[in-house]
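Engineer: First, the structure itself, so that you have it in front of you.
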Amino acid sequence: GEAIAKAVAAGGGEVCITWNRGQAEARDVVEQIVTSGGRANAIHVDVANADSLSLTFAPTHLFYLATPFIRIEKGAGFDHEQFDALVRCYVHGLDDVVRAVHRVVGAGFHVFSPSTELLSTPACGSSAYCAAKAAMEELLAHLSRDLRISVSAPRLGRIATDQTSSLMHTPAADRVDVALEYFGHSDRTQPPWTLPVRSQRLQTAPPRANSDAARAGAHAHSRAQVAARRRNQHSD
């Protein structure tokens, strides 16, 4: 969150940092941004209570980075308690906050909520975490369609943060490098603002007339296939 806030501010954007715990840290980031000539403020938001989100401006981007404490599962079991906590944050909280912003802004804003590369390359002890992130990706696909917003959930690798430092003893990417990469300051030829697997489902739904025509065409094609099979059966 800190890296993204500073990257946006450095690019000329006005930043509003939210915090649930860590008010002092949030205000310290704001002070650093303002001291460097940027525009920023901090407000308290509890994603478990979307009513706590009081917008006095119309954001163009929502960076949803809220997360509960994550722990590695032991053995081959599934941690139901952790899964429930993760879903409350990654699914219920995300849905509530996005819809709260939508009520103020309407369609057209962008939601960034990072997913995990573990969905592509699972690791032992991550089943609850992966299941919750998969549900988050699916929710974003539906929110994009239903609310007419753009979304991105890049499947990031492990990033060096205060929480992940004690989770896995594997190399971690620098958070500043990751933030800059996903703001276009890299050699990427494709923009990252799509879901990695279901990007075709994120396109705005076509007009109903086109949908009806497509369904009618599909039904006609199916009837033609059935008729052809029957002719072949009779000829045999």
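Simple scheme: letters A, B, ... for chains in structure tokens order, numbers from 1 for residues in each chain, numbers from 1 for ligands in the order shown.
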Find the residues around stretch 62-64 of chain A up to 10 Å (only C-alpha atoms counted), leave out those fewer than 5 positions away in its own chain, and share them as a short mmCIF file (atom, residue, chain, number, x, y, z; two decimals) with N, CA, C and O atoms, in the first residue's frame.

Structural biologist:
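What landed in out16.cif:
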data_model
loop_
_atom_site.label_atom_id
_atom_site.label_comp_id
_atom_site.auth_asym_id
_atom_site.auth_seq_id
_atom_site.Cartn_x
_atom_site.Cartn_y
_atom_site.Cartn_z
N GLY A 1 0.80 -1.20 0.00
CA GLY A 1 0.00 0.00 0.00
C GLY A 1 0.85 1.26 0.00
O GLY A 1 0.57 2.22 -0.72
N ILE A 4 2.44 1.75 -3.48
CA ILE A 4 1.47 2.20 -4.48
C ILE A 4 1.11 3.66 -4.24
O ILE A 4 1.04 4.46 -5.18
N ALA A 5 0.88 4.03 -2.99
CA ALA A 5 0.53 5.41 -2.68
C ALA A 5 1.62 6.37 -3.14
O ALA A 5 1.34 7.42 -3.74
N CYS A 16 -5.53 9.07 -1.33
CA CYS A 16 -6.21 8.94 -0.04
C CYS A 16 -5.88 7.56 0.52
O CYS A 16 -6.33 6.55 -0.03
N ILE A 17 -5.09 7.52 1.56
CA ILE A 17 -4.69 6.26 2.19
C ILE A 17 -5.71 5.89 3.26
O ILE A 17 -6.16 6.75 4.02
N THR A 18 -6.11 4.63 3.29
CA THR A 18 -7.04 4.18 4.33
C THR A 18 -6.32 3.26 5.30
O THR A 18 -5.38 2.56 4.94
N VAL A 47 -13.02 -2.55 6.44
CA VAL A 47 -13.68 -3.21 5.31
C VAL A 47 -14.79 -4.14 5.78
O VAL A 47 -15.64 -4.56 4.98
N TYR A 90 -11.39 -10.71 1.46
CA TYR A 90 -11.15 -10.69 0.02
C TYR A 90 -12.43 -10.69 -0.81
O TYR A 90 -12.41 -10.27 -1.97
N GLY A 93 -15.66 -8.07 2.05
CA GLY A 93 -15.16 -6.71 2.21
C GLY A 93 -14.95 -6.01 0.89
O GLY A 93 -15.31 -4.84 0.72
N LEU A 94 -14.35 -6.73 -0.07
CA LEU A 94 -14.12 -6.15 -1.40
C LEU A 94 -15.43 -5.75 -2.06
O LEU A 94 -15.57 -4.64 -2.60
N VAL A 97 -16.94 -2.61 -0.33
CA VAL A 97 -16.21 -1.37 -0.58
C VAL A 97 -16.39 -0.92 -2.03
O VAL A 97 -16.63 0.27 -2.30
N VAL A 98 -16.30 -1.85 -2.97
CA VAL A 98 -16.48 -1.49 -4.39
C VAL A 98 -17.86 -0.91 -4.62
O VAL A 98 -18.02 0.11 -5.30
N VAL A 101 -18.13 2.63 -3.23
CA VAL A 101 -17.52 3.61 -4.13
C VAL A 101 -18.42 3.81 -5.35
O VAL A 101 -18.61 4.94 -5.82
N PHE A 109 -14.78 3.62 -12.86
CA PHE A 109 -13.53 3.64 -12.09
C PHE A 109 -12.83 2.29 -12.19
O PHE A 109 -13.39 1.31 -12.71
N HIS A 110 -11.61 2.24 -11.71
CA HIS A 110 -10.81 1.02 -11.82
C HIS A 110 -10.52 0.43 -10.44
O HIS A 110 -10.21 1.17 -9.51
N VAL A 111 -10.61 -0.88 -10.34
CA VAL A 111 -10.31 -1.58 -9.10
C VAL A 111 -9.09 -2.47 -9.29
O VAL A 111 -9.05 -3.28 -10.22
N PHE A 112 -8.11 -2.28 -8.43
CA PHE A 112 -6.90 -3.11 -8.43
C PHE A 112 -6.89 -3.91 -7.13
O PHE A 112 -6.90 -3.33 -6.05
N SER A 113 -6.90 -5.23 -7.25
CA SER A 113 -6.84 -6.08 -6.06
C SER A 113 -5.94 -7.27 -6.39
O SER A 113 -6.34 -8.15 -7.16
N PRO A 114 -4.74 -7.31 -5.88
CA PRO A 114 -3.78 -8.33 -6.31
C PRO A 114 -4.19 -9.74 -5.93
O PRO A 114 -4.69 -9.99 -4.83
N VAL A 151 -11.25 -3.75 -13.93
CA VAL A 151 -10.61 -4.38 -12.77
C VAL A 151 -9.29 -5.01 -13.17
O VAL A 151 -9.06 -5.31 -14.34
N SER A 152 -8.44 -5.22 -12.20
CA SER A 152 -7.21 -5.98 -12.42
C SER A 152 -6.87 -6.75 -11.17
O SER A 152 -7.00 -6.23 -10.05
#

Engineer: Could you give me, as JSON, numbers by chain, the residues within 10 Å of A:Arg21, counting only C-alpha atoms and dropping anything in the same chain fewer than 5 positions from it?

Structural biologist: {"A": [26, 44, 45, 46]}

Engineer: Could the residues in this selection be written to a file with all heavy atoms, as a PDB file, in the first residue's frame?

Structural biologist:
ATOM      1  N   ALA A  26       0.146   5.176   8.659  1.00  0.00           N
ATOM      2  CA  ALA A  26      -0.530   5.807   7.522  1.00  0.00           C
ATOM      3  C   ALA A  26      -0.247   7.304   7.472  1.00  0.00           C
ATOM      4  O   ALA A  26       0.038   7.869   6.407  1.00  0.00           O
ATOM      5  CB  ALA A  26      -2.036   5.552   7.603  1.00  0.00           C
ATOM      6  N   HIS A  44      -9.840   6.591   8.157  1.00  0.00           N
ATOM      7  CA  HIS A  44     -10.069   5.275   8.744  1.00  0.00           C
ATOM      8  C   HIS A  44     -11.169   4.547   7.983  1.00  0.00           C
ATOM      9  O   HIS A  44     -12.239   5.105   7.722  1.00  0.00           O
ATOM     10  CB  HIS A  44     -10.474   5.396  10.213  1.00  0.00           C
ATOM     11  CG  HIS A  44     -10.874   4.084  10.823  1.00  0.00           C
ATOM     12  ND1 HIS A  44     -12.189   3.746  11.052  1.00  0.00           N
ATOM     13  CD2 HIS A  44     -10.127   3.028  11.228  1.00  0.00           C
ATOM     14  CE1 HIS A  44     -12.234   2.541  11.577  1.00  0.00           C
ATOM     15  NE2 HIS A  44     -10.998   2.079  11.696  1.00  0.00           N
ATOM     16  N   VAL A  45     -10.901   3.298   7.584  1.00  0.00           N
ATOM     17  CA  VAL A  45     -11.892   2.457   6.923  1.00  0.00           C
ATOM     18  C   VAL A  45     -11.758   1.035   7.457  1.00  0.00           C
ATOM     19  O   VAL A  45     -10.655   0.485   7.490  1.00  0.00           O
ATOM     20  CB  VAL A  45     -11.714   2.436   5.384  1.00  0.00           C
ATOM     21  CG1 VAL A  45     -12.647   1.405   4.750  1.00  0.00           C
ATOM     22  CG2 VAL A  45     -11.977   3.809   4.793  1.00  0.00           C
ATOM     23  N   ASP A  46     -12.868   0.478   7.883  1.00  0.00           N
ATOM     24  CA  ASP A  46     -12.927  -0.930   8.284  1.00  0.00           C
ATOM     25  C   ASP A  46     -13.692  -1.661   7.192  1.00  0.00           C
ATOM     26  O   ASP A  46     -14.891  -1.431   7.007  1.00  0.00           O
ATOM     27  CB  ASP A  46     -13.637  -1.064   9.632  1.00  0.00           C
ATOM     28  CG  ASP A  46     -13.724  -2.516  10.103  1.00  0.00           C
ATOM     29  OD1 ASP A  46     -13.216  -3.416   9.388  1.00  0.00           O
ATOM     30  OD2 ASP A  46     -14.326  -2.751  11.166  1.00  0.00           O
TER      31      ASP A  46
END

Engineer: For A:Leu119, work out the shell of residues within 10 Å, counting only C-alpha atoms and skipping chain neighbours fewer than 3 positions away, then give it as a list of chain:residue names.

Structural biologist: A:Ser115, A:Thr116, A:Pro122, A:Ala123, A:Ser126, A:Ser127, A:Tyr129, A:Cys130, A:Ala131, A:Lys133, A:Ala134, A:Arg155, A:Leu156

Engineer: Can those selected residues be exported to a file as a PDB file, in the first residue's frame so that it contains N, CA, C and O atoms?

Structural biologist:
ATOM      1  N   SER A 115      -3.971 -10.655  -6.874  1.00  0.00           N
ATOM      2  CA  SER A 115      -4.182 -12.079  -6.623  1.00  0.00           C
ATOM      3  C   SER A 115      -2.817 -12.713  -6.359  1.00  0.00           C
ATOM      4  O   SER A 115      -1.862 -12.019  -6.013  1.00  0.00           O
ATOM      5  N   THR A 116      -2.711 -14.012  -6.541  1.00  0.00           N
ATOM      6  CA  THR A 116      -1.466 -14.701  -6.201  1.00  0.00           C
ATOM      7  C   THR A 116      -1.060 -15.700  -7.267  1.00  0.00           C
ATOM      8  O   THR A 116      -1.908 -16.382  -7.857  1.00  0.00           O
ATOM      9  N   PRO A 122       0.545 -24.009  -7.210  1.00  0.00           N
ATOM     10  CA  PRO A 122       0.189 -24.186  -5.798  1.00  0.00           C
ATOM     11  C   PRO A 122       1.380 -24.622  -4.956  1.00  0.00           C
ATOM     12  O   PRO A 122       2.268 -25.328  -5.418  1.00  0.00           O
ATOM     13  N   ALA A 123       1.386 -24.177  -3.714  1.00  0.00           N
ATOM     14  CA  ALA A 123       2.416 -24.562  -2.760  1.00  0.00           C
ATOM     15  C   ALA A 123       1.758 -25.204  -1.547  1.00  0.00           C
ATOM     16  O   ALA A 123       0.608 -24.891  -1.206  1.00  0.00           O
ATOM     17  N   SER A 126      -1.080 -23.712   1.354  1.00  0.00           N
ATOM     18  CA  SER A 126      -1.701 -22.480   0.863  1.00  0.00           C
ATOM     19  C   SER A 126      -3.118 -22.690   0.330  1.00  0.00           C
ATOM     20  O   SER A 126      -3.651 -21.826  -0.353  1.00  0.00           O
ATOM     21  N   SER A 127      -3.744 -23.832   0.640  1.00  0.00           N
ATOM     22  CA  SER A 127      -5.032 -24.155   0.019  1.00  0.00           C
ATOM     23  C   SER A 127      -6.128 -23.160   0.390  1.00  0.00           C
ATOM     24  O   SER A 127      -6.900 -22.718  -0.469  1.00  0.00           O
ATOM     25  N   TYR A 129      -5.779 -20.037   1.415  1.00  0.00           N
ATOM     26  CA  TYR A 129      -5.417 -18.753   0.817  1.00  0.00           C
ATOM     27  C   TYR A 129      -5.743 -18.746  -0.680  1.00  0.00           C
ATOM     28  O   TYR A 129      -6.336 -17.792  -1.195  1.00  0.00           O
ATOM     29  N   CYS A 130      -5.378 -19.816  -1.375  1.00  0.00           N
ATOM     30  CA  CYS A 130      -5.635 -19.900  -2.811  1.00  0.00           C
ATOM     31  C   CYS A 130      -7.135 -19.935  -3.103  1.00  0.00           C
ATOM     32  O   CYS A 130      -7.598 -19.291  -4.053  1.00  0.00           O
ATOM     33  N   ALA A 131      -7.883 -20.677  -2.303  1.00  0.00           N
ATOM     34  CA  ALA A 131      -9.323 -20.758  -2.520  1.00  0.00           C
ATOM     35  C   ALA A 131      -9.981 -19.393  -2.351  1.00  0.00           C
ATOM     36  O   ALA A 131     -10.879 -19.012  -3.118  1.00  0.00           O
ATOM     37  N   LYS A 133      -8.488 -16.420  -2.755  1.00  0.00           N
ATOM     38  CA  LYS A 133      -8.072 -15.547  -3.858  1.00  0.00           C
ATOM     39  C   LYS A 133      -8.803 -15.923  -5.152  1.00  0.00           C
ATOM     40  O   LYS A 133      -9.130 -15.037  -5.963  1.00  0.00           O
ATOM     41  N   ALA A 134      -9.059 -17.209  -5.358  1.00  0.00           N
ATOM     42  CA  ALA A 134      -9.825 -17.619  -6.540  1.00  0.00           C
ATOM     43  C   ALA A 134     -11.236 -17.050  -6.491  1.00  0.00           C
ATOM     44  O   ALA A 134     -11.772 -16.587  -7.507  1.00  0.00           O
ATOM     45  N   ARG A 155      -1.663 -11.855 -10.853  1.00  0.00           N
ATOM     46  CA  ARG A 155      -1.215 -12.929  -9.963  1.00  0.00           C
ATOM     47  C   ARG A 155       0.253 -12.688  -9.605  1.00  0.00           C
ATOM     48  O   ARG A 155       1.166 -13.179 -10.257  1.00  0.00           O
ATOM     49  N   LEU A 156       0.438 -11.945  -8.541  1.00  0.00           N
ATOM     50  CA  LEU A 156       1.779 -11.545  -8.129  1.00  0.00           C
ATOM     51  C   LEU A 156       2.483 -12.655  -7.371  1.00  0.00           C
ATOM     52  O   LEU A 156       1.852 -13.489  -6.713  1.00  0.00           O
TER      53      LEU A 156
END

Engineer: Stretch 2-146 of chain A: which residues are helix (DSSP H, G or I) by DSSP, as a PyMOL selection string?

Structural biologist: chain A and resi 2-10+23-35+50-52+80-105+117-119+127-146
